[in-house]
Amino acid sequence: MKDARLRSRRAFCEDDSIAVQFNSKGITYSGFVCDLSIGGMGVTLNCDMPKNFSIGDHIAVDVEPSGVHSINVAAEIVFLKEEDFGIRLGLKYTNDDREKSEIRRTTRYPIPVHLRPSASFMHPFSFNDTVWMKVRTFSRFGMDCILSSRNDHLIPGQQVRVQITLPILGSIFVACTIRYAHPNRLNRDEIFAGFVFEELSEDASGKICEFIVMVNQKVSYEILREEGFTTVYTSSAVDFDIARDEVDLKKVCQLRLKALKSQGYFQDETDCNKMLDEYDRYSKICTVRIGKKIVGTARLVYNQGNKYRSEHYSEYGIDIPEWLWQEGFVEASRVATDPEYRSGDLFTNITQWLGRQTMLSGYRYMLSSCTEKLAPIYIKSGCKKIGEFQTDDGGMWHLLLLDVPAVSKTKNIDPITWNVLYRPTVEYVMKRDKLKYNLWDRFRILVFKSFGSISEKLYRKTLIRRSKGNKKRG
């Protein structure tokens, strides 16, 4: 008891209107909170010395701050004394169930000290009192935080609206319940507190998921999806680069084989080097990385007018129009994503990279191909079907041509798709003056940009729906 009283305590008076009520052996007692600490509270009762409870009894206390929802707290009576102003009661919280909770059995993902998000909320009991914290771990159901010992008046069961600021990704707001609060035994100036998410929106879940992947490269989206996170965003978690040496090329081959196996091909193949072909020598190979791990790849083949360096001409015998050879074009192929990181916007980011690299390389046209099933998606994104061919396994594929500058200038595409796929590329090349835009082009771009907000919302809903579909299949 002596150690408990040495803790910092926040004093309150009856005018602060933090009412208390509990029942003991059929009799209801009421009073007010006179002090709070992270381990318990002091209560003043407006009655004579009670005879039907004593030190050591366990009671359920309803704390009812004015204008704030009530909090039910399990407590043990550790102090009981009659004083001039009433009966003074000392209560110790007993509902710290950190070890017993089912929620605690879910995986917690630790955050490196230098990347810990900040979090804050307005304390409902005190005037103009902002509680500031750092997030130590995230899980699907909550978070563990560290905060200053000045915040000594947190009550288990208390509901708060927490603003969490994730580095790079911005802020989210989450309704939480305080599950526990206890002092750091190694540093008396700090408090550890646990929060349970009461209402975690899909958008907030997606951002927390993206942040976890950013700071913990051993965690995949598939793992987080199985935990219950919404896996929709990858933009801030990944870095784009090109394969620069044999080590990178080896990783690219491994990813190509892994992606094909996930689709039912090459099930017995173990040699990833067979995923290389002669066109890799004439290509710029994109690598999408999370840390040192390559989770996505694609390539642009630069044939430079040589038909025998063209994958579609040499490999599939496609008759490519002569005018296109005169104009010049690049070929996009070997797009592959790690199955553990799918269902988010990774493929969209790769598509943006391909379009940007085409323009930066000085080419207007990008040639690609896809299956019958995917053709409508590519056509919606601005591609035109200029031919078809059959692969060795009997599948019918479509030859597609994309006029990258034209779609960047909002031609042959709708505003929603343009904002999702091409707006980042357009803003990138406009800043670097890599493509000339006349006044009419700029006007159309401004009009299309006005659809940016609705485009983002619709795209987010599409990603969330896709993520939910993968959860069900899993």
# chains A, B, ... in the order shown; residues from 1 in each chain; ligands from 1
$ residues_around --residues "segment 353-355 of chain A" --least-positions-apart "3" --cutoff "12 Å" --atoms "only C-alpha atoms" --output "PyMOL selection string"
chain A and resi 235+239-242+284-288+296-301+330-335+346-350+358-368+381-383+401-408+421-426+428-429
$ residues_around --residues "Glu340 of chain A" --least-positions-apart "4" --cutoff "7 Å" --atoms "only C-alpha atoms" --output "PyMOL selection string"
chain A and resi 220-222
$ write_last_selection --atoms "all heavy atoms" --output "PDB file, in the first residue's frame"
ATOM      1  N   SER A 220       4.680 -10.088 -44.286  1.00  0.00           N
ATOM      2  CA  SER A 220       4.091  -9.931 -45.612  1.00  0.00           C
ATOM      3  C   SER A 220       2.626  -9.530 -45.488  1.00  0.00           C
ATOM      4  O   SER A 220       2.014  -9.669 -44.423  1.00  0.00           O
ATOM      5  CB  SER A 220       4.187 -11.239 -46.401  1.00  0.00           C
ATOM      6  OG  SER A 220       3.314 -12.222 -45.862  1.00  0.00           O
ATOM      7  N   TYR A 221       2.060  -9.067 -46.590  1.00  0.00           N
ATOM      8  CA  TYR A 221       0.649  -8.701 -46.599  1.00  0.00           C
ATOM      9  C   TYR A 221      -0.231  -9.931 -46.386  1.00  0.00           C
ATOM     10  O   TYR A 221      -1.310  -9.831 -45.810  1.00  0.00           O
ATOM     11  CB  TYR A 221       0.296  -8.017 -47.921  1.00  0.00           C
ATOM     12  CG  TYR A 221       0.705  -6.573 -47.950  1.00  0.00           C
ATOM     13  CD1 TYR A 221       1.977  -6.180 -48.361  1.00  0.00           C
ATOM     14  CD2 TYR A 221      -0.167  -5.580 -47.529  1.00  0.00           C
ATOM     15  CE1 TYR A 221       2.355  -4.856 -48.357  1.00  0.00           C
ATOM     16  CE2 TYR A 221       0.199  -4.245 -47.535  1.00  0.00           C
ATOM     17  CZ  TYR A 221       1.467  -3.895 -47.953  1.00  0.00           C
ATOM     18  OH  TYR A 221       1.842  -2.579 -47.937  1.00  0.00           O
ATOM     19  N   GLU A 222       0.219 -11.074 -46.853  1.00  0.00           N
ATOM     20  CA  GLU A 222      -0.557 -12.293 -46.652  1.00  0.00           C
ATOM     21  C   GLU A 222      -0.693 -12.613 -45.167  1.00  0.00           C
ATOM     22  O   GLU A 222      -1.775 -12.975 -44.684  1.00  0.00           O
ATOM     23  CB  GLU A 222       0.111 -13.459 -47.385  1.00  0.00           C
ATOM     24  CG  GLU A 222      -0.678 -14.754 -47.298  1.00  0.00           C
ATOM     25  CD  GLU A 222      -0.015 -15.878 -48.067  1.00  0.00           C
ATOM     26  OE1 GLU A 222       1.230 -16.018 -47.967  1.00  0.00           O
ATOM     27  OE2 GLU A 222      -0.730 -16.605 -48.752  1.00  0.00           O
TER      28      GLU A 222
END
$ residues_around --residues "Asn216 of chain A" --least-positions-apart "3" --cutoff "8 Å" --atoms "only C-alpha atoms" --output "PyMOL selection string"
chain A and resi 109+111+212-213+219
$ residues_around --residues "segment 260-267 of chain A" --least-positions-apart "6" --cutoff "10 Å" --atoms "only C-alpha atoms" --output "list of chain:residue names"
A:Met275, A:Ala336, A:Thr337, A:Asp338, A:Pro339
$ select_by_dssp --residues "segment 82-251 of chain A" --states "helix (DSSP H, G or I)" --output "PyMOL selection string"
chain A and resi 103-105+113-115+202-215+221-227+246-251
$ residues_around --residues "Ala11 of chain A" --least-positions-apart "3" --cutoff "8 Å" --atoms "only C-alpha atoms" --output "JSON, numbers by chain"
{"A": [34, 35, 36]}
$ select_by_dssp --residues "segment 186-297 of chain A" --states "strand (DSSP E)" --output "JSON, numbers by chain"
{"A": [187, 188, 189, 190, 191, 192, 193, 194, 195, 196, 197, 198, 199, 239, 240, 241, 242, 283, 284, 285, 286, 287, 288, 289, 290, 293, 294, 295, 296, 297]}
$ residues_around --residues "Asp441 of chain A" --least-positions-apart "3" --cutoff "12 Å" --atoms "only C-alpha atoms" --output "PyMOL selection string"
chain A and resi 405-411+426+430+435-438+444-448
$ atom_distance --atom1 "atom CA of Met214 of chain A" --atom2 "atom CA of Tyr233 of chain A"
11.0 Å
$ residues_around --residues "Val20 of chain A" --least-positions-apart "2" --cutoff "10 Å" --atoms "only C-alpha atoms" --output "list in words"
Ser17, Ile18, Phe22, Tyr29, Ser30, Gly31, Phe32, Val33, Val43, Thr44, Leu45, Val61, Asp62, Val63, Glu64, Pro65, Ser70, Ile71 and Asn72 of chain A
$ write_last_selection --atoms "all heavy atoms" --output "short mmCIF file (atom, residue, chain, number, x, y, z; two decimals), in the first residue's frame"
data_model
loop_
_atom_site.label_atom_id
_atom_site.label_comp_id
_atom_site.auth_asym_id
_atom_site.auth_seq_id
_atom_site.Cartn_x
_atom_site.Cartn_y
_atom_site.Cartn_z
N SER A 17 -17.15 16.92 -10.64
CA SER A 17 -18.29 16.12 -11.09
C SER A 17 -17.90 14.75 -11.65
O SER A 17 -18.39 14.34 -12.70
CB SER A 17 -19.11 16.89 -12.14
OG SER A 17 -19.58 18.10 -11.61
N ILE A 18 -16.99 14.07 -10.97
CA ILE A 18 -16.70 12.68 -11.33
C ILE A 18 -17.37 11.81 -10.28
O ILE A 18 -16.78 11.49 -9.23
CB ILE A 18 -15.19 12.42 -11.41
CG1 ILE A 18 -14.51 13.43 -12.34
CG2 ILE A 18 -14.92 11.00 -11.90
CD1 ILE A 18 -13.01 13.28 -12.42
N PHE A 22 -21.41 2.37 -6.28
CA PHE A 22 -21.22 0.93 -6.26
C PHE A 22 -22.20 0.31 -5.27
O PHE A 22 -22.78 1.00 -4.40
CB PHE A 22 -19.79 0.56 -5.89
CG PHE A 22 -19.36 0.92 -4.51
CD1 PHE A 22 -19.50 0.02 -3.44
CD2 PHE A 22 -18.80 2.17 -4.24
CE1 PHE A 22 -19.11 0.36 -2.17
CE2 PHE A 22 -18.41 2.52 -2.96
CZ PHE A 22 -18.56 1.61 -1.91
N TYR A 29 -23.97 2.76 -2.60
CA TYR A 29 -23.20 3.87 -2.05
C TYR A 29 -22.81 4.81 -3.19
O TYR A 29 -22.52 4.36 -4.31
CB TYR A 29 -21.94 3.37 -1.34
CG TYR A 29 -22.23 2.52 -0.13
CD1 TYR A 29 -22.35 1.14 -0.25
CD2 TYR A 29 -22.37 3.09 1.13
CE1 TYR A 29 -22.62 0.35 0.85
CE2 TYR A 29 -22.64 2.30 2.24
CZ TYR A 29 -22.76 0.93 2.09
OH TYR A 29 -23.02 0.16 3.18
N SER A 30 -22.78 6.08 -2.92
CA SER A 30 -22.39 7.08 -3.91
C SER A 30 -21.43 8.08 -3.31
O SER A 30 -21.42 8.30 -2.10
CB SER A 30 -23.62 7.79 -4.49
OG SER A 30 -24.32 8.47 -3.46
N GLY A 31 -20.65 8.68 -4.19
CA GLY A 31 -19.66 9.67 -3.75
C GLY A 31 -19.01 10.30 -4.96
O GLY A 31 -19.60 10.38 -6.04
N PHE A 32 -17.77 10.74 -4.79
CA PHE A 32 -17.05 11.35 -5.91
C PHE A 32 -15.57 10.98 -5.84
O PHE A 32 -15.05 10.63 -4.77
CB PHE A 32 -17.22 12.87 -5.92
CG PHE A 32 -16.63 13.57 -4.72
CD1 PHE A 32 -15.31 14.03 -4.74
CD2 PHE A 32 -17.38 13.77 -3.57
CE1 PHE A 32 -14.76 14.66 -3.64
CE2 PHE A 32 -16.83 14.41 -2.46
CZ PHE A 32 -15.51 14.86 -2.50
N VAL A 33 -14.91 11.07 -6.97
CA VAL A 33 -13.49 10.77 -7.06
C VAL A 33 -12.70 11.94 -6.51
O VAL A 33 -12.90 13.10 -6.91
CB VAL A 33 -13.06 10.49 -8.52
CG1 VAL A 33 -11.55 10.34 -8.63
CG2 VAL A 33 -13.75 9.23 -9.04
N VAL A 43 -11.73 7.71 -3.25
CA VAL A 43 -13.14 8.06 -3.34
C VAL A 43 -13.60 8.60 -2.00
O VAL A 43 -13.22 8.09 -0.94
CB VAL A 43 -13.97 6.81 -3.72
CG1 VAL A 43 -15.46 7.11 -3.65
CG2 VAL A 43 -13.60 6.33 -5.12
N THR A 44 -14.42 9.62 -2.06
CA THR A 44 -15.06 10.16 -0.86
C THR A 44 -16.54 9.82 -0.91
O THR A 44 -17.23 10.15 -1.87
CB THR A 44 -14.88 11.68 -0.76
OG1 THR A 44 -13.49 11.99 -0.68
CG2 THR A 44 -15.58 12.22 0.47
N LEU A 45 -17.02 9.10 0.14
CA LEU A 45 -18.42 8.71 0.21
C LEU A 45 -19.19 9.67 1.12
O LEU A 45 -18.70 10.08 2.17
CB LEU A 45 -18.55 7.29 0.76
CG LEU A 45 -17.89 6.17 -0.04
CD1 LEU A 45 -18.12 4.84 0.65
CD2 LEU A 45 -18.43 6.13 -1.47
N VAL A 61 -17.22 -0.83 -9.49
CA VAL A 61 -17.48 0.59 -9.31
C VAL A 61 -17.89 1.21 -10.64
O VAL A 61 -17.25 0.98 -11.67
CB VAL A 61 -16.21 1.30 -8.78
CG1 VAL A 61 -16.51 2.78 -8.53
CG2 VAL A 61 -15.72 0.63 -7.52
N ASP A 62 -18.96 1.99 -10.62
CA ASP A 62 -19.36 2.78 -11.79
C ASP A 62 -18.84 4.20 -11.61
O ASP A 62 -19.26 4.91 -10.67
CB ASP A 62 -20.88 2.80 -11.94
CG ASP A 62 -21.43 1.47 -12.41
OD1 ASP A 62 -20.76 0.84 -13.25
OD2 ASP A 62 -22.51 1.07 -11.95
N VAL A 63 -17.92 4.60 -12.49
CA VAL A 63 -17.40 5.97 -12.48
C VAL A 63 -18.16 6.74 -13.54
O VAL A 63 -18.22 6.35 -14.70
CB VAL A 63 -15.89 5.99 -12.78
CG1 VAL A 63 -15.34 7.40 -12.68
CG2 VAL A 63 -15.15 5.05 -11.84
N GLU A 64 -18.77 7.85 -13.14
CA GLU A 64 -19.68 8.57 -14.03
C GLU A 64 -19.28 10.04 -14.13
O GLU A 64 -19.87 10.91 -13.46
CB GLU A 64 -21.12 8.44 -13.54
CG GLU A 64 -21.59 6.99 -13.46
CD GLU A 64 -22.97 6.86 -12.83
OE1 GLU A 64 -23.42 7.84 -12.21
OE2 GLU A 64 -23.58 5.79 -12.95
N PRO A 65 -18.27 10.36 -14.96
CA PRO A 65 -17.89 11.76 -15.15
C PRO A 65 -19.02 12.53 -15.84
O PRO A 65 -19.73 11.97 -16.68
CB PRO A 65 -16.66 11.68 -16.06
CG PRO A 65 -16.22 10.24 -15.99
CD PRO A 65 -17.45 9.44 -15.75
N SER A 70 -20.14 6.39 -18.74
CA SER A 70 -19.70 5.80 -17.48
C SER A 70 -18.70 4.68 -17.72
O SER A 70 -18.64 4.08 -18.79
CB SER A 70 -20.91 5.24 -16.73
OG SER A 70 -21.54 4.21 -17.48
N ILE A 71 -17.89 4.42 -16.71
CA ILE A 71 -16.85 3.39 -16.78
C ILE A 71 -17.08 2.42 -15.63
O ILE A 71 -17.23 2.83 -14.48
CB ILE A 71 -15.45 4.02 -16.65
CG1 ILE A 71 -15.25 5.14 -17.68
CG2 ILE A 71 -14.36 2.95 -16.80
CD1 ILE A 71 -14.05 6.01 -17.39
N ASN A 72 -17.10 1.14 -15.94
CA ASN A 72 -17.23 0.13 -14.90
C ASN A 72 -15.86 -0.44 -14.59
O ASN A 72 -15.17 -0.94 -15.48
CB ASN A 72 -18.18 -0.98 -15.35
CG ASN A 72 -18.44 -1.99 -14.25
OD1 ASN A 72 -17.77 -3.01 -14.17
ND2 ASN A 72 -19.41 -1.69 -13.40
#
$ closest_residue --among "A:Val295, A:Gly56, A:Glu198, A:Thr94" --to "Val78 of chain A" --atoms "only C-alpha atoms"
A:Gly56
$ atom_distance --atom1 "atom CA of Met133 of chain A" --atom2 "atom CA of Ala119 of chain A"
5.0 Å
$ atom_distance --atom1 "atom CA of Arg161 of chain A" --atom2 "atom CA of Lys207 of chain A"
17.3 Å
